[in-house]
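Asker: Below is one structure. I have some questions about it.
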Amino acid sequence: MRSVYLLGPPGVGKTSLMDALLADHQRLPPARAMGTMWVEPLIHHDLFAGYHLGKTRPGFGGTDALSYSVLPDAVRWVSEPFEARMWGEGARLAHPKFAAALIAGGHEMVWVLLDAPAGVLTERCSRRGSTQNESWRAGAGTRARNAAAGLASVGATVRSLDATMSTAEMAALVREWMT
């Protein structure tokens, strides 16, 4: 059972893709998994279906809604043996220590680096009314690519995804990678 984690620059479509992937799931209220690590339990066809990492909230949700100091708690949580699919998005847990803990705990995670040309990202950010400046967004893109390289360096499975495709096309590919 593979889990998925989406990373990439602002405006690339992480939240839209995650919403598409979880469209047929019910997200329960956030629950503390361990310390500062929060998850949203997921229900699919009346059965427990895993966890959405972080919290859903307007603006910046997913793992970006977690504390900046969450990494040690997240590492301890995934070091515990359990069988549940995890769905994550954002920068906060896209870290080699988290990936290494997942691997050591026997969890299979497909890390998906979404990317699109700068003009596309700028247009999307403008449409959603983002106040992030262009240089910060460019730096976030560099940080996401560096994070993907760091994840791969500890043996994590990292896939690249062209985020100029439709959300439905991207969701179909990610579902395929999760099987």
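Chain labels run A, B, ... following the order of the structure tokens; each chain numbers its residues from 1, and ligands are numbered from 1 in the order shown.
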Which residues are near region 79-86 of chain A? Cut-off 10 Å, only C-alpha atoms, ignore same chain within fewer than 5 positions. Put them as a PDB file with C-alpha atoms, in the first residue's frame.
Answerer:
```pdb
ATOM      1  CA  MET A   1       0.000   0.000   0.000  1.00  0.00           C
ATOM      2  CA  ARG A   2       1.707   3.166  -1.200  1.00  0.00           C
ATOM      3  CA  SER A   3       1.122   6.611   0.192  1.00  0.00           C
ATOM      4  CA  VAL A   4       1.617   9.899  -1.648  1.00  0.00           C
ATOM      5  CA  TYR A   5       3.139  13.266  -0.837  1.00  0.00           C
ATOM      6  CA  VAL A  39      -3.618  14.298  10.813  1.00  0.00           C
ATOM      7  CA  GLU A  40      -7.120  14.101   9.417  1.00  0.00           C
ATOM      8  CA  PRO A  41      -8.453  10.531   9.461  1.00  0.00           C
ATOM      9  CA  LEU A  42     -10.053   9.581   6.142  1.00  0.00           C
ATOM     10  CA  PHE A  48     -11.066   3.854   7.530  1.00  0.00           C
ATOM     11  CA  ALA A  49      -8.836   4.777   4.558  1.00  0.00           C
ATOM     12  CA  GLY A  50      -5.752   6.380   6.105  1.00  0.00           C
ATOM     13  CA  TYR A  51      -4.650   9.875   7.023  1.00  0.00           C
ATOM     14  CA  HIS A  52      -4.372  13.251   5.365  1.00  0.00           C
ATOM     15  CA  LEU A  53      -1.226  14.736   6.914  1.00  0.00           C
ATOM     16  CA  ASP A  73       7.160  14.378  16.204  1.00  0.00           C
ATOM     17  CA  ALA A  74       6.364  13.325  12.622  1.00  0.00           C
ATOM     18  CA  PHE A  98      10.888  12.093   7.462  1.00  0.00           C
ATOM     19  CA  ALA A 100      14.135   7.921   6.028  1.00  0.00           C
ATOM     20  CA  ALA A 101      11.785   7.300   8.969  1.00  0.00           C
ATOM     21  CA  LEU A 102       9.028   6.233   6.578  1.00  0.00           C
ATOM     22  CA  ILE A 103      11.381   3.823   4.825  1.00  0.00           C
ATOM     23  CA  ALA A 104      12.685   2.430   8.142  1.00  0.00           C
ATOM     24  CA  GLY A 105       9.104   1.995   9.371  1.00  0.00           C
ATOM     25  CA  GLY A 106       8.184   0.015   6.244  1.00  0.00           C
ATOM     26  CA  HIS A 107       5.942   2.718   4.779  1.00  0.00           C
ATOM     27  CA  GLU A 108       6.018   3.142   1.002  1.00  0.00           C
ATOM     28  CA  MET A 109       5.662   6.793  -0.017  1.00  0.00           C
ATOM     29  CA  MET A 178       0.239   4.475  -5.881  1.00  0.00           C
TER      30      MET A 178
END
```
Asker: Please list as a list of chain:residue names every residue within 12 Å of Asp115 (chain A), counting only C-alpha atoms and excluding residues in the same chain fewer than 4 positions away.
Answerer: A:Leu6, A:Leu7, A:Gly8, A:Pro9, A:Pro10, A:Gly11, A:Val12, A:Gly13, A:Lys14, A:Gly119, A:Val120, A:Leu121, A:Ala138, A:Ala140, A:Gly141, A:Thr142, A:Ala144, A:Arg145, A:Ala148, A:Arg159, A:Ser160, A:Leu161, A:Asp162, A:Ala163, A:Thr164, A:Met165, A:Met170
Asker: Could you go through region 25-133 of chain A and tell me which residues DSSP, when run on the backbone, assigns to strand (DSSP E), listing them as a ChimeraX atom specification?
Answerer: /A:26-27,31-34,37-44,47-53,86-89,108-115
Asker: Give me the residues of region 140-179 of chain A that have any atom at most 12 Å from an atom of region 19-22 of chain A; for each, the nearest atom pair and the distance in Å, rounded to one decimal. Use only C-alpha atoms, sort by chain and number, and format it as a tab-separated table.
Answerer:
```
residue	atom	partner	partner_atom	distance
A:Ser166	CA	A:Ala20	CA	10.8
A:Thr167	CA	A:Ala20	CA	7.2
A:Ala168	CA	A:Ala20	CA	7.3
A:Glu169	CA	A:Ala20	CA	10.3
A:Met170	CA	A:Ala20	CA	9.2
A:Ala171	CA	A:Leu21	CA	5.9
A:Ala172	CA	A:Leu21	CA	8.6
A:Leu173	CA	A:Leu21	CA	10.5
A:Val174	CA	A:Leu21	CA	8.3
A:Arg175	CA	A:Leu21	CA	7.7
A:Glu176	CA	A:Leu21	CA	11.5
A:Met178	CA	A:Leu21	CA	11.0
```
Asker: Any idea what's packed within 9 Å of Gly150 (chain A), counting only C-alpha atoms, ignoring anything in its chain fewer than 6 positions away? Could you give it as an mmCIF file with C-alpha atoms, in the first residue's frame?
Answerer:
```
data_model
loop_
_atom_site.group_PDB
_atom_site.id
_atom_site.type_symbol
_atom_site.label_atom_id
_atom_site.label_comp_id
_atom_site.auth_asym_id
_atom_site.auth_seq_id
_atom_site.Cartn_x
_atom_site.Cartn_y
_atom_site.Cartn_z
ATOM 1 C CA ALA A 94 9.314 17.079 2.546
ATOM 2 C CA HIS A 95 12.502 16.303 4.437
ATOM 3 C CA PRO A 96 15.027 13.447 4.188
ATOM 4 C CA ALA A 156 12.768 7.666 -1.416
#
```
